[in-house]
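S.K.: What follows is a structure written as structure tokens; I'll ask about it next.
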Number of protein chains: 2
Amino acid sequence: MTKEDLTSCYERIKPYIHNTPILTSKLINTLVGAELYFKCENFQRAGAYKIRGATNAILQLSKTQLQNGVVTHSSGNFAQALALAAKSLNIKAYIVMPSNSPSVKKNAVLEYGGEVVECEPTLEARQDAANQIANTTGATFIHPSNNLDVILGQGTSGLELLKEHPSLDYIFCPIGGGGLIAGTALAATHFSNHCKVVGGEPMEADDAYRSLISGKIETNRTTNTIADGLRTHLGSHNFPIIKAYVKQIIRVSETEIIEAMQLIWERMKIIIEPSSAVAFAAILKEKETFKNQKIGVIISGGNVDIHNLPF
Amino acid sequence: MTKEDLTSCYERIKPYIHNTPILTSKLINTLVGAELYFKCENFQRAGAYKIRGATNAILQLSKTQLQNGVVTHSSGNFAQALALAAKSLNIKAYIVMPSNSPSVKKNAVLEYGGEVVECEPTLEARQDAANQIANTTGATFIHPSNNLDVILGQGTSGLELLKEHPSLDYIFCPIGGGGLIAGTALAATHFSNHCKVVGGEPMEADDAYRSLISGKIETNRTTNTIADGLRTHLGSHNFPIIKAYVKQIIRVSETEIIEAMQLIWERMKIIIEPSSAVAFAAILKEKETFKNQKIGVIISGGNVDIHNLPF
């Protein structure tokens with residue numbers, strides 16, 4: 001994945017995404033002892049960075065493929081993102097969702113014009129249902145994180161961050177399926193000569209941390225984390241990129257995630273979802289290590305049920 | 001109050017305030033049928049527009065006055081704002097607060113270095129306590145809304161909005177004590193040739209609406225509104241400006257305020273306080289009237305207890 005791949009991806013998706021604002025807070029800088037630049041993908045279309053990758057993946061399809069639409073399985077932000085990207089590009093999207101997904105999430109997909117297909121709440125059932133739709137309708141399966149076009153698209157958030165703040169020493173982002181951090185690592189590699197990418201991961205779903213140690217893709221032993229976007233594991237396409245370019249993964253506890261989330265809500269007055277707080281929690285935890293550094297933080301999304309908050 | 005008064009006020013306070021971001025939302029525009037520009041004073045220092053007026057009032061004091069500090073009475077955002085403005089300018093601030101103020105509000109003032117003086121929870125006791133401090137310490141009393149320097153300062157938010165979007169047809173803002181809307185009306189008068197200012201006010205504290213009808217300052221019969229910043233009434237300095245330049249006041253119910261607040265939280269992913277939602281609620285209520293107009297909306301603040309939300 002070259003610099004040109006990333007640049008042309010960005011040009012391709014630019015008309016369909018927001019160049020999200022980058023916010024700063026003196027108070028938080030003082031608290032952390034570093035200069036933080038929050039890239040607010042919670043203000044992105046459909047409330048998360050996922051629309052970037054979804055849009056790029058669709059725009060790479062052939063005319064015939066476009067006619068048959070796309071299919072994915074996701075109970076989270078990629079479901080909404082693919083539905084909205086498909087709607088913007090006038091194609092059909094089938095979204096396989098576990099039958100126990102909250103109705104608010106199903107409704108969001110329906111609102112964006114996606115066709116919801118319910119399945120049993122297991123990873124296997126999700127994949128089977130998606131395969132079956134692909135086979136019967138000819139729709140192209142687009143994986144939420146383990147797809148090179150998706151990875152490139154997700155990297156454009158880091159690219160925008162580095163274009164505006166080229167002297168960043170670090171970019172922190174959360175790790176779930178690995179699409180965002182792989183894309184961000186590509187952006188840092190190609191658009192900075194010194195910026196390092198660090199991942200934040202919940203202790204309770206620390207597959208990526210263990211994968212970097214063992215050198216192979218590990219799965220989660222538990223997924224008992226409030227960071228619902230980070231319960232998945234890495235994939236064959238993003239893991240080699242992460243292995244090559246991600247400097248470090250910092251694990252944080254559930255309490256640390258909730259405290260970081262509350263701090264951003266109260267001090268920055270923006271709504272971020274628990275998964276987004278994980279990157280900031282990692283900085284808070286290791287603030288001595290990152291003292292006086294210039295740090296970009298990708299606030300991955302803001303889709304949270306405001307009727308059911310952890311504080 | 002001339003255009004030059006406003007311009008020189010802005011130049012004076014600029015180093016001490018944020019030029020806050022202006023956000024838009026396609027989804028909300030579609031819902032309302034108009035083009036809305038949200039001026040996000042919830043991202044302002046101390047979480048509300050109040051620091052603008054507080055800073056301007058302090059910067060107009062003489063050297064002797066500065067030595068003796070300032071005093072105000074407020075249980076809300078002006079308390080924090082004056083404390084922080086005084087701290088930034090290295091002077092002393094006495095803040096009279098009702099003894100039943102939530103400790104989170106007192107702590108915020110203390111955090112900014114203000115001296116909290118408690119009093120009985122009546123308007124009279126507040127004014128008496130402030131007068132006594134002024135008499136014994138020589139501190140200058142600064143009223144939260146009925147002070148021309150404060151009014152000018154509060155007008156700089158509308159000024160920034162019009163500088164960036166000179167073609168706005170309307171600016172909506174909430175009305176409480178009248179400082180914000182009077183300042184905004186001055187900004188619209190001097191920096192646009194057609195922009196009209198409209199106020200949003202809770203039904204449950206509709207003193208300003210009734211004042212415009214009767215032609216004299218009315219007080220509130222009830223203050224039973226969730227919009228805690230809007231429970232006060234107009235004053236002798238701001239009422240003549242409001243009478244001369246404010247086009248209309250639209251009253252909204254408590255349900256309309258909460259629904260508007262929730263819509264902004266969920267769709268724009270920003271934290272706004274109930275008082276801020278009142279202006280947007282007024283637009284929603286009368287959306288047929290404002291169809292296809294370009295409307296600025298001043299989001300006055302984001303200081304809300306996230307442990308105690310109305311939804």
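Lettering and numbering for the structure tokens are positional, with chains as A, B, ... in the shown order, residues counted from 1 in each chain, and ligands counted from 1 in the shown order.
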Please extract the residues of segment 33-180 of chain B with a backbone DSSP assignment of helix (DSSP H, G or I) and present them as a VMD selection string.

M.R.: chain B and resid 41 to 43 45 to 47 50 to 59 63 to 68 77 to 88 103 to 111 123 to 137 148 to 164 179 to 180

S.K.: Would you list the contacts of His194 of chain A as a ChimeraX atom specification, taking every protein, DNA or RNA residue within 10 Å and counting only C-alpha atoms, but skipping same-chain residues closer than 5 positions in sequence?

M.R.: /A:166-170,188-189

S.K.: Write down, as a list in words, each residue of chain A that has any atom within 8 Å of an atom of chain B, counting only C-alpha atoms.

M.R.: Asn42, Phe43, Gly47, Trp265, Glu266, Met268, Lys269, Ile270, Ile271, Ile272, Gly302, Asn303, Ile306, His307 and Phe311 of chain A

S.K.: I need the residue nearest Asn292 of chain A from this list: A:Asn29, A:Asn19, A:Cys9, A:Val70. Use only C-alpha atoms for the distance.

M.R.: A:Asn29

S.K.: Which polymer residues have any atom within 7 Å of an atom of Gly235 of chain B, counting only C-alpha atoms, with same-chain residues fewer than 3 positions away left out, as number ranges by chain?

M.R.: B: 146, 238-239

S.K.: Generate the output file for the selected residues, N, CA and C atoms, as a PDB file, in the first residue's frame.

M.R.:
```pdb
ATOM      1  N   ASN B 146     -26.943  42.638  33.272  1.00  0.00           N
ATOM      2  CA  ASN B 146     -27.432  44.003  33.135  1.00  0.00           C
ATOM      3  C   ASN B 146     -26.297  45.013  33.327  1.00  0.00           C
ATOM      4  N   ASN B 238     -30.258  46.242  29.478  1.00  0.00           N
ATOM      5  CA  ASN B 238     -30.449  45.444  28.263  1.00  0.00           C
ATOM      6  C   ASN B 238     -31.858  45.560  27.667  1.00  0.00           C
ATOM      7  N   PHE B 239     -32.852  45.893  28.502  1.00  0.00           N
ATOM      8  CA  PHE B 239     -34.222  45.919  27.976  1.00  0.00           C
ATOM      9  C   PHE B 239     -34.423  46.928  26.834  1.00  0.00           C
TER      10      PHE B 239
END
```

S.K.: Env of Met261 of chain B: 6 Å cut, atoms = only C-alpha atoms, seq-sep filter 3 positions within chain, self excluded. Answer as a ChimeraX atom specification.

M.R.: /B:258,264,277

S.K.: Please return, as JSON, numbers by chain, all residues of segment 106-297 of chain A that DSSP assigns to strand (DSSP E or B) on the basis of the backbone.

M.R.: {"A": [115, 116, 117, 118, 119, 140, 141, 170, 171, 172, 173, 174, 196, 197, 198, 199, 200, 201, 202, 246, 247, 248, 249, 250, 251, 252, 270, 294, 295, 296, 297]}

S.K.: Excluding segment 203-214 of chain B and residues on its chain fewer than 4 positions from it, collect all residues at most 7 Å away from it, counting only C-alpha atoms, and give them as JSON, numbers by chain.

M.R.: {"B": [218, 219, 220, 222, 223, 224, 225, 231, 233, 234, 243, 249, 251, 252, 253]}
